[in-house]
Each structure stands twice: as structure tokens, then as C-alpha cells.
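**Student:** File follows, run21.txt with compact mmCIF, C-alpha atoms:
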# COMPACT_ATOMS: atom_id res chain seq x y z
CA MET C 113 123.27 35.52 37.40
CA MET C 114 122.56 33.77 40.72
CA ARG C 115 126.16 34.23 41.85
CA ARG C 116 126.18 37.92 41.05
CA LEU C 117 123.04 38.31 43.07
CA VAL C 118 124.57 36.64 46.10
CA VAL C 119 127.77 38.64 45.91
CA GLY C 120 125.73 41.77 45.35
CA SER C 121 123.61 41.26 48.43
CA LEU C 122 126.69 40.44 50.49
CA VAL C 123 128.26 43.74 49.51
CA LEU C 124 125.03 45.51 50.34
CA ALA C 125 124.80 43.85 53.72
CA LEU C 126 128.39 44.75 54.50
CA ALA C 127 127.83 48.35 53.52
CA ALA C 128 124.71 48.51 55.64
CA THR C 129 126.61 47.18 58.63
CA VAL C 130 129.39 49.72 58.23
CA VAL C 131 126.98 52.60 57.81
CA GLY C 132 124.80 51.37 60.64
CA SER C 133 127.67 51.16 63.05
CA LEU C 134 129.17 54.51 62.06
CA PRO C 135 127.03 56.86 64.13
CA SER C 136 127.55 54.79 67.25
CA CYS C 137 131.32 54.83 67.21
CA ALA C 138 131.79 58.23 65.64
CA SER C 139 130.64 59.98 68.82
CA VAL C 140 133.45 59.48 71.27
CA PRO C 141 132.30 60.54 74.76
CA ASP C 142 133.20 64.16 75.34
CA ARG C 143 135.26 64.29 78.50
CA ASN C 144 134.71 67.99 78.91
CA ARG C 145 130.97 67.67 78.94
CA PHE C 146 129.52 67.81 82.40
CA THR C 147 126.27 68.48 84.16
CA ALA C 148 126.44 71.57 86.33
CA VAL C 149 124.58 70.87 89.54
CA VAL C 150 122.98 73.49 91.70
CA ALA C 151 124.13 71.93 94.92
CA PRO C 152 123.09 72.45 98.53
CA ASP C 153 125.54 74.05 100.96
CA PHE C 154 128.69 72.02 101.56
CA ALA C 155 129.78 73.66 104.84
CA ILE C 156 126.44 72.84 106.48
CA TYR C 157 126.70 69.32 105.12
CA ARG C 158 130.17 68.81 106.52
CA ALA C 159 129.34 70.17 109.95
CA ASN C 160 125.90 68.65 110.44
CA ILE C 161 124.91 65.96 108.00
CA ASP C 162 127.87 63.79 107.08
CA LEU C 163 128.35 62.10 110.45
CA PHE C 164 124.67 61.29 110.79
CA LEU C 165 124.48 59.70 107.33
CA HIS C 166 127.75 57.83 107.90
CA LYS C 167 126.39 56.32 111.11
CA ARG C 168 122.87 55.71 109.96
CA CYS C 169 123.43 54.54 106.40
CA GLY C 170 127.16 54.01 105.88
CA THR C 171 127.88 50.68 107.59
CA LEU C 172 129.87 48.17 105.54
CA ASP C 173 126.78 46.04 105.02
CA CYS C 174 124.73 48.97 103.68
CA HIS C 175 125.99 52.05 101.82
CA GLY C 176 129.58 51.52 102.96
CA GLN C 177 130.41 49.23 100.07
CA ALA C 178 131.49 49.33 96.47
CA GLY C 179 128.24 47.85 95.18
CA ARG C 180 126.12 50.83 96.19
CA GLY C 181 125.29 53.66 93.81
CA TYR C 182 125.15 56.03 96.76
CA ARG C 183 128.39 55.19 98.54
CA ILE C 184 129.46 56.54 101.95
CA TYR C 185 133.06 56.68 103.16
CA GLY C 186 134.42 57.18 106.65
CA TYR C 187 136.04 55.98 109.86
CA ARG C 188 133.29 53.50 110.78
CA GLY C 189 133.26 51.56 107.55
CA PHE C 190 134.39 51.91 103.96
CA ARG C 191 137.48 54.04 103.32
CA LEU C 192 138.30 56.08 100.27
CA TYR C 193 141.05 53.95 98.84
CA SER C 194 144.40 55.56 98.16
CA GLN C 195 147.81 53.99 98.47
CA ASP C 196 149.33 57.10 100.06
CA ALA C 197 146.74 57.70 102.75
CA GLY C 198 146.45 53.99 103.57
CA LEU C 199 143.09 54.51 105.25
CA ILE C 200 141.84 51.50 107.18
CA SER C 201 138.34 50.76 108.35
CA GLY C 202 138.00 51.68 112.03
CA GLN C 203 141.46 53.28 112.30
CA GLN C 204 141.94 56.90 111.15
CA ALA C 205 139.32 59.65 111.49
CA THR C 206 137.14 60.44 108.47
CA THR C 207 139.09 62.68 106.06
CA ASP C 208 138.00 65.82 104.20
CA GLN C 209 138.28 63.98 100.89
CA GLU C 210 135.90 61.35 102.18
CA ILE C 211 133.36 63.95 103.28
CA GLN C 212 133.67 65.61 99.87
CA ALA C 213 133.16 62.25 98.13
CA ASN C 214 130.08 61.59 100.27
CA PHE C 215 128.64 64.99 99.37
CA ASP C 216 129.38 64.46 95.66
CA ALA C 217 127.69 61.07 95.85
CA ILE C 218 124.46 62.61 97.14
CA ILE C 219 124.25 65.33 94.52
CA SER C 220 125.07 62.96 91.69
CA ILE C 221 122.25 60.53 92.44
CA GLU C 222 119.85 62.79 90.52
CA PRO C 223 121.78 65.90 89.48
CA GLU C 224 118.89 67.53 87.62
CA GLU C 225 116.31 66.82 90.31
CA MET C 226 118.71 68.10 92.96
CA SER C 227 119.31 71.27 90.94
CA ARG C 228 115.58 71.90 90.58
CA LEU C 229 115.03 71.30 94.28
CA ILE C 230 117.76 73.68 95.37
CA ALA C 231 116.60 76.28 92.84
CA GLU C 232 113.19 76.01 94.49
CA ASN C 233 114.68 76.49 97.97
CA GLY C 234 114.33 72.89 99.04
CA GLU C 235 110.53 72.86 98.83
CA ASN C 236 109.04 69.39 98.50
CA PRO C 237 112.23 67.50 99.31
CA ASN C 238 110.60 64.06 99.07
CA ARG C 239 110.90 64.27 95.30
CA LEU C 240 114.54 63.20 95.74
CA LEU C 241 115.32 59.52 95.44
CA PHE C 242 117.81 60.24 98.21
CA LEU C 243 114.83 60.64 100.58
CA ARG C 244 112.25 58.50 98.82
CA LYS C 245 114.38 55.39 99.31
CA PRO C 246 115.00 55.55 103.09
CA LEU C 247 111.41 56.70 103.63
CA ASN C 248 110.46 53.56 101.70
CA ILE C 249 108.23 55.51 99.32
CA GLU C 250 110.31 53.84 96.63
CA ARG C 251 111.54 50.23 97.00
CA HIS C 252 114.62 50.26 99.22
CA LYS C 253 116.76 47.18 99.82
CA GLY C 254 117.47 48.39 103.35
CA GLY C 255 113.77 48.86 104.08
CA PRO C 256 112.46 51.94 105.88
CA SER C 257 115.47 53.66 107.43
CA LEU C 258 114.23 57.18 108.02
CA ALA C 259 110.87 58.61 109.10
CA GLU C 260 109.55 62.11 108.57
CA ASP C 261 109.44 62.72 112.31
CA ASP C 262 113.10 61.69 112.83
CA GLU C 263 115.53 64.40 113.85
CA GLY C 264 117.73 63.13 111.03
CA TYR C 265 115.04 63.75 108.42
CA LYS C 266 114.31 67.20 109.81
CA CYS C 267 118.02 67.97 109.81
CA ILE C 268 118.52 66.87 106.20
CA THR C 269 115.50 68.75 104.88
CA ALA C 270 116.56 71.89 106.76
CA TRP C 271 119.95 71.61 105.06
CA LEU C 272 118.27 71.34 101.65
CA ARG C 273 116.23 74.47 102.44
CA ALA C 274 119.16 76.48 103.78
CA PRO C 275 120.51 79.19 101.47
CA LYS C 276 123.98 78.64 100.05
CA GLY C 277 126.55 80.17 102.37
CA GLY C 278 123.83 80.55 104.98
CA ALA C 279 123.23 78.72 108.23
CA LEU C 280 120.73 76.35 109.80
CA THR C 281 117.98 77.73 112.01
CA ALA C 282 118.40 77.13 115.74
CA THR C 283 115.71 74.42 115.76
CA ALA C 284 117.28 72.66 112.79
CA LYS C 285 120.69 72.84 114.45
CA LYS C 286 119.23 71.15 117.51
CA ASP C 287 117.71 68.40 115.36
CA CYS C 288 121.06 67.85 113.66
CA ASP C 289 122.93 67.67 116.97
CA GLU C 290 120.42 65.16 118.27
CA ALA C 291 120.63 63.06 115.09
CA GLY C 292 124.42 63.05 115.21
CA LYS C 293 124.41 61.49 118.69
CA LEU C 294 123.27 58.18 117.25
CA PRO C 295 125.81 55.42 117.92
CA MET S 114 93.23 20.95 65.56
CA THR S 115 94.00 24.43 64.28
CA ALA S 116 97.40 26.01 64.10
CA THR S 117 96.56 28.35 66.96
CA THR S 118 95.70 25.56 69.38
CA HIS S 119 98.97 23.86 68.46
CA LEU S 120 100.83 27.04 69.20
CA ASP S 121 98.85 27.45 72.39
CA ARG S 122 99.78 24.00 73.63
CA ALA S 123 103.40 24.43 72.72
CA LEU S 124 103.51 27.71 74.61
CA LYS S 125 101.86 26.15 77.65
CA LEU S 126 104.32 23.26 77.63
CA ALA S 127 107.24 25.64 77.32
CA THR S 128 105.94 27.69 80.24
CA ILE S 129 105.58 24.62 82.40
CA ALA S 130 109.07 23.41 81.49
CA LEU S 131 110.54 26.80 82.28
CA THR S 132 108.73 27.08 85.60
CA LEU S 133 109.85 23.60 86.63
CA SER S 134 113.49 24.24 85.82
CA VAL S 135 113.52 27.56 87.70
CA GLY S 136 111.66 26.15 90.69
CA SER S 137 113.84 23.12 91.11
CA CYS S 138 117.27 24.72 91.25
CA ALA S 139 116.40 28.19 92.59
CA LEU S 140 119.54 29.39 90.87
CA ASP S 141 121.24 32.31 92.59
CA PRO S 142 124.71 32.62 91.10
CA VAL S 143 125.72 35.30 93.61
CA HIS S 144 124.89 33.09 96.58
CA ASP S 145 126.44 30.04 94.90
CA GLY S 146 129.61 31.99 94.27
CA ALA S 147 129.76 33.23 97.86
CA VAL S 148 129.45 29.66 99.18
CA LYS S 149 132.02 28.26 96.72
CA ALA S 150 134.50 31.02 97.57
CA LEU S 151 134.64 29.71 101.15
CA GLY S 152 136.26 26.51 99.94
CA PRO S 153 135.93 22.93 101.18
CA GLU S 154 135.65 21.77 104.79
CA ASP S 155 138.78 21.12 106.85
CA PRO S 156 138.78 17.29 106.95
CA ALA S 157 140.04 17.37 110.55
CA ILE S 158 136.95 19.19 111.82
CA PRO S 159 133.47 17.71 111.48
CA GLN S 160 130.62 19.95 110.27
CA GLY S 161 129.38 21.45 113.52
CA PRO S 162 129.97 24.24 116.03
CA PHE S 163 133.77 24.15 115.63
CA HIS S 164 134.01 24.24 111.87
CA ARG S 165 134.91 27.10 109.53
CA GLN S 166 136.44 29.37 112.15
CA GLY S 167 136.48 33.01 111.04
CA GLN S 168 134.17 32.42 108.08
CA PRO S 169 130.85 34.18 107.43
CA CYS S 170 128.67 31.43 108.95
CA ALA S 171 125.33 32.84 107.87
CA VAL S 172 126.21 32.70 104.17
CA CYS S 173 125.57 28.95 104.41
CA HIS S 174 123.42 28.93 107.53
CA SER S 175 120.66 30.84 105.77
CA VAL S 176 117.43 29.88 104.04
CA GLN S 177 119.40 29.52 100.81
CA GLY S 178 121.62 26.87 102.35
CA PRO S 179 123.59 24.68 101.91
CA ALA S 180 123.39 24.21 105.72
CA LYS S 181 120.01 23.08 106.99
CA THR S 182 120.05 25.33 110.03
CA THR S 183 119.72 29.10 110.01
CA PHE S 184 121.63 31.58 112.16
CA VAL S 185 120.46 35.15 112.71
CA LEU S 186 123.90 36.16 113.95
CA ALA S 187 127.21 34.27 114.05
CA GLY S 188 130.94 34.69 113.96
CA THR S 189 134.31 34.13 115.55
CA ILE S 190 136.15 36.09 118.23
CA PHE S 191 139.96 35.83 117.97
CA TYR S 192 142.62 36.69 120.49
CA GLY S 193 144.84 38.98 118.47
CA PRO S 194 144.84 40.94 115.24
CA GLY S 195 146.38 38.23 113.05
CA SER S 196 146.04 35.38 115.52
CA PRO S 197 144.58 32.12 114.27
CA THR S 198 143.53 31.29 117.84
CA GLY S 199 139.90 31.72 118.67
CA ALA S 200 139.00 33.09 122.10
CA ASP S 201 137.22 30.42 124.16
CA GLN S 202 134.46 31.47 126.59
CA ALA S 203 134.41 35.06 125.39
CA SER S 204 131.09 36.83 125.67
CA VAL S 205 129.43 38.61 122.80
CA ARG S 206 126.84 41.10 123.94
CA ILE S 207 124.29 42.70 121.68
CA ILE S 208 121.58 45.31 121.99
CA ASP S 209 119.10 45.16 119.15
CA ALA S 210 116.86 47.87 117.70
CA THR S 211 114.04 47.08 120.12
CA GLY S 212 116.45 47.41 123.05
CA ALA S 213 116.62 43.64 123.67
CA LYS S 214 119.91 42.71 125.34
CA LYS S 215 121.45 39.29 124.80
CA CYS S 216 124.74 37.62 125.59
CA PHE S 217 126.36 34.67 123.81
CA ILE S 218 129.41 32.60 124.70
CA THR S 219 132.07 31.46 122.25
CA ASN S 220 133.39 27.90 122.06
CA CYS S 221 137.07 26.90 121.95
CA LYS S 222 137.35 27.92 118.29
CA GLY S 223 136.03 31.35 119.23
CA ASN S 224 132.85 30.54 117.28
CA PHE S 225 129.41 31.59 118.45
CA PHE S 226 126.06 31.37 116.69
CA VAL S 227 122.52 32.51 117.38
CA ARG S 228 119.51 30.60 116.16
CA PRO S 229 116.21 32.35 115.43
CA GLU S 230 114.59 30.33 118.24
CA GLU S 231 116.72 32.21 120.76
CA PHE S 232 114.44 35.18 120.26
CA PRO S 233 110.72 35.10 121.03
CA LYS S 234 108.56 34.61 117.93
CA SER S 235 106.69 37.80 118.73
CA GLN S 236 109.93 39.76 118.86
CA PRO S 237 112.61 38.41 116.52
CA ILE S 238 116.07 39.95 116.41
CA ALA S 239 115.80 43.50 115.06
CA PHE S 240 118.64 45.19 113.22
CA PRO S 241 120.54 47.52 113.60
CA LEU S 242 122.57 46.04 116.46
CA LEU S 243 125.20 47.30 118.84
CA VAL S 244 127.82 44.72 119.78
CA SER S 245 130.78 44.14 122.10
CA ALA S 246 133.15 41.28 122.93
CA THR S 247 134.66 40.57 126.36
CA LYS S 248 136.87 38.00 128.03
CA GLY S 249 138.26 38.67 131.48
CA SER S 250 139.66 42.17 131.43
CA ALA S 251 139.79 42.37 127.65
CA TYR S 252 136.89 44.41 126.35
CA LYS S 253 136.22 45.66 122.83
CA ALA S 254 133.12 47.43 121.66
CA MET S 255 132.16 48.15 118.10
CA ALA S 256 131.50 51.88 117.76
CA SER S 257 129.28 51.56 114.72
CA ARG S 258 126.18 49.51 114.23
CA ILE S 259 125.55 46.32 112.32
CA GLY S 260 122.99 47.40 109.75
CA ARG S 261 121.67 44.08 108.48
CA GLU S 262 124.48 41.53 108.21
CA ALA S 263 124.21 38.28 110.21
CA SER S 264 127.86 37.20 109.77
CA CYS S 265 130.54 39.14 111.64
CA ALA S 266 133.07 37.87 109.08
CA ASN S 267 131.34 39.47 106.13
CA CYS S 268 132.80 42.74 107.43
CA HIS S 269 135.58 41.44 109.69
CA ARG S 270 138.09 39.89 107.29
CA ASN S 271 141.84 39.57 107.42
CA PRO S 272 143.93 41.61 106.94
CA ARG S 273 142.50 44.97 107.99
CA PHE S 274 142.18 47.15 104.94
CA PHE S 275 140.16 50.02 103.48
CA ASP S 276 137.04 47.86 103.38
CA SER S 277 137.46 45.80 106.55
CA PRO S 278 138.50 46.42 110.15
CA GLY S 279 140.21 42.98 110.26
CA GLN S 280 139.07 39.98 112.28
CA VAL S 281 137.24 40.54 115.57
CA ARG S 282 139.99 40.47 118.18
CA LEU S 283 140.36 41.00 121.92
CA TYR S 284 143.91 42.41 121.84
CA GLU S 285 145.60 44.95 119.60
CA THR S 286 149.03 43.30 119.28
CA GLU S 287 150.16 39.70 119.14
CA SER S 288 152.41 40.16 122.21
CA GLN S 289 149.35 40.75 124.41
CA VAL S 290 147.82 37.44 123.39
CA PRO S 291 147.86 34.93 126.27
CA LYS S 292 149.12 31.39 125.72
CA GLN S 293 146.46 28.87 124.84
CA SER S 294 146.16 25.25 125.86
CA GLY S 295 143.65 22.42 125.62
CA GLU S 296 142.18 20.32 122.85
CA CYS S 297 139.88 21.94 120.37
CA PRO S 298 137.39 20.60 119.46
CA PRO S 299 137.12 19.36 123.07
CA VAL S 300 137.06 15.67 123.86
CA GLY S 301 133.71 15.83 125.68
CA PRO S 302 130.75 18.08 125.07
CA PRO S 303 131.56 21.81 125.26
CA VAL S 304 131.15 23.42 128.68
CA PHE S 305 130.18 27.06 129.00
CA ASP S 306 131.43 29.29 131.77
CA PRO S 307 128.29 30.61 133.50
CA ASP S 308 130.24 33.74 134.49
CA ALA S 309 130.85 34.70 130.88
CA CYS S 310 127.24 35.73 130.40
CA LYS S 311 126.05 36.26 133.96
CA GLU S 312 122.94 38.12 132.85
CA ASN S 313 121.63 35.03 131.07
CA PHE S 314 121.99 32.82 134.15
CA GLN S 315 120.37 35.02 136.77
Translate the structure of the given file into C-alpha cells.

**Tutor:**
Amino acid sequence: MMRRLVVGSLVLALAATVVGSLPSCASVPDRNRFTAVVAPDFAIYRANIDLFLHKRCGTLDCHGQAGRGYRIYGYRGFRLYSQDAGLISGQQATTDQEIQANFDAIISIEPEEMSRLIAENGENPNRLLFLRKPLNIERHKGGPSLAEDDEGYKCITAWLRAPKGGALTATAKKDCDEAGKLP
Amino acid sequence: MTATTHLDRALKLATIALTLSVGSCALDPVHDGAVKALGPEDPAIPQGPFHRQGQPCAVCHSVQGPAKTTFVLAGTIFYGPGSPTGADQASVRIIDATGAKKCFITNCKGNFFVRPEEFPKSQPIAFPLLVSATKGSAYKAMASRIGREASCANCHRNPRFFDSPGQVRLYETESQVPKQSGECPPVGPPVFDPDACKENFQ
């Protein structure tokens, strides 16, 4: 009687384990599932924002390294690794793929929040972690690295407000040019 | 004594034991790993200004140790891209975020180091920094800024690759590298060329 009970409960436990683990391994990640992001304008980013962020945030000891969620590639620091291109830190100019990767990195920090922001024409940009961190509203390992009266901040927020396929205002363009002069 | 007070005491004891063990070893596996990865000392060179050429000095010379002294900036200037020879009497100039300009001279291993005391207490070194290295007519300036890192060698590693510009060097090719002579470490105390950092000697 005792033995049957033990065997019985073993079987039960085994069954429970199998059933319990089923749902978790039955759902193989769907590779075709993706989050569509309403993204800010790429052309404005490439021409006005990328260089500033690369200089200001992308050094090898900050966002120019593999350990960072928001990772920045380019001439002055971390290179997008590929055997063919053989990019080396401090050697070749920043490539288009690197600029694209930098842009993708920004919009994938908070895809949904970014989509909402762009859908609302860039109003209230400080909701983005991308700005909350350098403004030090949210804990940032690199401390405060941007202020709301910086040309760089004004340039970035003007980009987030700009319509897709549109252009920056003359004042914003000036801010961006000024910000880009940073060593 | 009731069961709850027993439990209470046990919990208190456990808390104390836990606090003591954490406090005493201040375990930081990342830092430990970084120090271990640098390997043992070269037995031919005593622990001092000439040791660990090309290594990230401030990994150990930090509050976490194992060195007792702290450096706010340190590194090694080499002659050529892959050259093991450090550039003696080279000057390393920096401009910090407050605009403070400073110049430091390397020793015969090419090593230089900056202690916190070299900056006024009221105005400690402020990152980001701009930096350049000079010796005679050789001049190299870093285009980008140092964001927060105190050791040149945490970015400047050999060989140059996608994640490092290579060691800090004064010449681009080995053929440009001048011949070196002299004992290093020197027999007597190190002498610094006052011309290397004129601005500091005015």
C-alpha cells in the first residue's frame, strides 16, 4: 500500500513537471514578430545629430563600448565590427552603417515611448529615457551630461519635433551646428 | 523565552554575520577580475614609477586598490605603433572641463601618473579632458575627449582594432622610431627635462 502511494505520487509529480514546463517551451520566439516604431527623421539625424552624440556621449569609456544598452559607433571610438570593412578606432571615417546603427540604437531604447512621442510631434521630449538619463532626471552612470540650455539639447529636441521628411528651423540648425563643433 | 524572541535573535545574529562578511572583503568580482587579468609583476622591476608599462595604472591605483596610492590620470607614451619602448621625457598636456591646463612628463618607461594632490582641493580634475603628447618635433593630439577614464591604457591597447586605437604612440611607423639608449629604470633618481613642460616651470 505504502509503496503504491510513493510510486503514485512520483508519477503525479513527473506529470506535473511535464505539464508545467510545456507552455514555456511550446512558444518558440516568433522571428517575424517585430515592434513597428514611429521613428523620427533619419536624414536630419544623419546630418545634424549623429556627430554631436558621437563626440559627446560615444567615447570608448562611455557609450562607445559593448556593455552599453545605448551603443554609439564611429571614427572616434567604437567601430561596428565586420571582418570585411576592418574598421579601426581612430582610423577610417564613420560609415553609413554605423550612423544607421546609432539611429536604430536610439529608437530601440524605448520603441513604444518613442512612437508615442513622434506621433505627438515631439511634445514633452523629456519623457524619453534617452533624455532623462543625460539630464540626470533618472540615475545616469555618466552623471549629468546634457542641460536643457545646451545647444545639443535644443538640437535634439528640435529633431524630435521636426516632421518626417521635413527640415530643421533656422534657429535649430544653428544650435545643431554649434553643438557639432564640440571637440 | 518565546519562540518569537528566539527567531528575533537568530535573525539579528544572521544580519550581523552577513554585514560583517560583506564589510570585510568589499567583494567586487569585476574589479578583482580586472586586476587579476593584468598578471603578476615583472620581477626585474620593483613596484614603483617604472612598473607595468602600458597597463591601465588606475585600475590598481584607485580607491579599490590593491595599490595604496590613487591616480586621477596615468598611462604610458610609446615611441611607435607596436614599439615596446616607452618615450622618455615626453610631455602629456591636458585641458580639463573647467579649462585647467596641465602638463606632465614621462619617465624612461614612458610612464606618467597624476595624483589627486596635483590639483587644488577646491578644483579637482574635471572630466571630460582633451589630451596631447609631444616629444621634440613629434606631436600627437587626441581628437576626441576622455569621458571619465583615468587610465589611458583602458582605451589604448595593442593591437589597434575596432575597439581600440592601439597604444599611445609618437610615430606612425616603426621606421620613424629613433634609437634608444640608457638604463631604465635609471641608476639614480629620475631627472625631468624642464623644457618638456615649460609652462609648469615658469

**Student:** Can you list, as a short mmCIF file (atom, residue, chain, number, x, y, z; two decimals) with C-alpha atoms, in the coordinates of the input, every protein, DNA or RNA residue that comes within 10 Å of S:Phe305 when you count only C-alpha atoms, leaving out same-chain residues fewer than 5 positions away?

**Tutor:**
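The resulting selection-v4.cif:
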data_model
loop_
_atom_site.label_atom_id
_atom_site.label_comp_id
_atom_site.auth_asym_id
_atom_site.auth_seq_id
_atom_site.Cartn_x
_atom_site.Cartn_y
_atom_site.Cartn_z
CA ASP S 201 137.22 30.42 124.16
CA GLN S 202 134.46 31.47 126.59
CA ALA S 203 134.41 35.06 125.39
CA PHE S 217 126.36 34.67 123.81
CA ILE S 218 129.41 32.60 124.70
CA THR S 219 132.07 31.46 122.25
CA ASN S 220 133.39 27.90 122.06
CA CYS S 221 137.07 26.90 121.95
CA CYS S 310 127.24 35.73 130.40
#

**Student:** Under the rule that only C-alpha atoms are counted, which of C:Ile221, C:Glu260, C:Ile161, C:Arg168 is the nearest residue to C:Lys285?

**Tutor:** C:Ile161

**Student:** So, counting only C-alpha atoms, which residue among C:Asp216, C:Asp173, C:Asp142, C:Glu222 is closest to chain S?

**Tutor:**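 The answer is C:Asp173, which sits nearest to chain S.
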
**Student:** Select all residues from chain C having any atom no more than 8 Å from an atom of chain S (counting only C-alpha atoms, ignoring ligands), output as a PDB file with C-alpha atoms, in the coordinates of the input.

**Tutor:**
ATOM      1  CA  LYS C 167     126.390  56.320 111.110  1.00  0.00           C
ATOM      2  CA  CYS C 169     123.430  54.540 106.400  1.00  0.00           C
ATOM      3  CA  THR C 171     127.880  50.680 107.590  1.00  0.00           C
ATOM      4  CA  LEU C 172     129.870  48.170 105.540  1.00  0.00           C
ATOM      5  CA  ASP C 173     126.780  46.040 105.020  1.00  0.00           C
ATOM      6  CA  CYS C 174     124.730  48.970 103.680  1.00  0.00           C
ATOM      7  CA  GLN C 177     130.410  49.230 100.070  1.00  0.00           C
ATOM      8  CA  ARG C 188     133.290  53.500 110.780  1.00  0.00           C
ATOM      9  CA  GLY C 189     133.260  51.560 107.550  1.00  0.00           C
ATOM     10  CA  PHE C 190     134.390  51.910 103.960  1.00  0.00           C
ATOM     11  CA  ARG C 191     137.480  54.040 103.320  1.00  0.00           C
ATOM     12  CA  LEU C 192     138.300  56.080 100.270  1.00  0.00           C
ATOM     13  CA  TYR C 193     141.050  53.950  98.840  1.00  0.00           C
ATOM     14  CA  GLY C 198     146.450  53.990 103.570  1.00  0.00           C
ATOM     15  CA  LEU C 199     143.090  54.510 105.250  1.00  0.00           C
ATOM     16  CA  ILE C 200     141.840  51.500 107.180  1.00  0.00           C
ATOM     17  CA  SER C 201     138.340  50.760 108.350  1.00  0.00           C
ATOM     18  CA  GLY C 202     138.000  51.680 112.030  1.00  0.00           C
ATOM     19  CA  GLN C 203     141.460  53.280 112.300  1.00  0.00           C
ATOM     20  CA  GLY C 254     117.470  48.390 103.350  1.00  0.00           C
ATOM     21  CA  PRO C 295     125.810  55.420 117.920  1.00  0.00           C
TER      22      PRO C 295
END

**Student:** Expressed in Å to a single decimal, how great is the separation between atom CA of C:Ala259 and atom CA of S:Pro229?

**Tutor:**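 It comes out at 27.5 Å.
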
**Student:** Go through S:Lys214, S:Arg270, S:Leu242, S:Pro142 one by one, measure the shortest atom-to-atom distance of each to S:Pro169 using all atoms listed in the file, and give the residue with the smallest value.

**Tutor:**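 Among the listed residues, S:Arg270 lies closest to S:Pro169.
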
**Student:** Please check which residues have atoms at most 12 Å from (132.6, 63.4, 99.2) in the file's coordinates, counting all atoms listed in the file, and write them as an mmCIF file with C-alpha atoms, in the frame of the given file.

**Tutor:**
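Produced file result04.cif, reproduced below:
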data_model
loop_
_atom_site.group_PDB
_atom_site.id
_atom_site.type_symbol
_atom_site.label_atom_id
_atom_site.label_comp_id
_atom_site.auth_asym_id
_atom_site.auth_seq_id
_atom_site.Cartn_x
_atom_site.Cartn_y
_atom_site.Cartn_z
ATOM 1 C CA PHE C 154 128.690 72.020 101.560
ATOM 2 C CA TYR C 157 126.700 69.320 105.120
ATOM 3 C CA ARG C 158 130.170 68.810 106.520
ATOM 4 C CA ILE C 161 124.910 65.960 108.000
ATOM 5 C CA ASP C 162 127.870 63.790 107.080
ATOM 6 C CA HIS C 166 127.750 57.830 107.900
ATOM 7 C CA TYR C 182 125.150 56.030 96.760
ATOM 8 C CA ARG C 183 128.390 55.190 98.540
ATOM 9 C CA ILE C 184 129.460 56.540 101.950
ATOM 10 C CA TYR C 185 133.060 56.680 103.160
ATOM 11 C CA GLY C 186 134.420 57.180 106.650
ATOM 12 C CA ARG C 191 137.480 54.040 103.320
ATOM 13 C CA LEU C 192 138.300 56.080 100.270
ATOM 14 C CA THR C 206 137.140 60.440 108.470
ATOM 15 C CA THR C 207 139.090 62.680 106.060
ATOM 16 C CA ASP C 208 138.000 65.820 104.200
ATOM 17 C CA GLN C 209 138.280 63.980 100.890
ATOM 18 C CA GLU C 210 135.900 61.350 102.180
ATOM 19 C CA ILE C 211 133.360 63.950 103.280
ATOM 20 C CA GLN C 212 133.670 65.610 99.870
ATOM 21 C CA ALA C 213 133.160 62.250 98.130
ATOM 22 C CA ASN C 214 130.080 61.590 100.270
ATOM 23 C CA PHE C 215 128.640 64.990 99.370
ATOM 24 C CA ASP C 216 129.380 64.460 95.660
ATOM 25 C CA ALA C 217 127.690 61.070 95.850
ATOM 26 C CA ILE C 218 124.460 62.610 97.140
ATOM 27 C CA ILE C 219 124.250 65.330 94.520
ATOM 28 C CA SER C 220 125.070 62.960 91.690
#

**Student:** List the neighbours of C:Trp271 out to 7 Å using all atoms listed in the file; skip same-chain residues closer than 3 positions along the sequence, and give me the result as a PyMOL selection string.

**Tutor:** chain C and resi 156+267-268+274+280

**Student:** Considering all atoms listed in the file, return as a list in words whatever protein or nucleic-acid residues lie within 7 Å of C:Ala284, sequence-local ones (same chain, fewer than 3 positions apart) excluded.

**Tutor:**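 Near C:Ala284, the qualifying residues are Lys266, Cys267, Ala270, Leu280, Thr281, Asp287 and Cys288 of chain C.
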
**Student:** Using all atoms listed in the file for the distances, tell me which of S:Ala147, S:Val176, S:Leu140, S:Ala157 is nearest to S:Pro298.

**Tutor:**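 With all atoms listed in the file as the atom set, the closest residue is S:Ala157.
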
**Student:** Compare S:Phe232, S:Phe184, S:Tyr192, S:Phe240 by their minimum atom-to-atom distance to S:Gln289, counting all atoms listed in the file, and give me the closest one.

**Tutor:**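 Under the stated criterion, the closest residue is S:Tyr192.
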
**Student:** Expressed in Å to a single decimal, how great is the separation between atom CA of S:Ile208 and atom CA of S:Ala239?

**Tutor:** 9.2 Å

**Student:** Figure out the distance between atom CA of S:Ser204 and atom CA of S:Ala309, please, to one decimal in Å.

**Tutor:** 5.6 Å
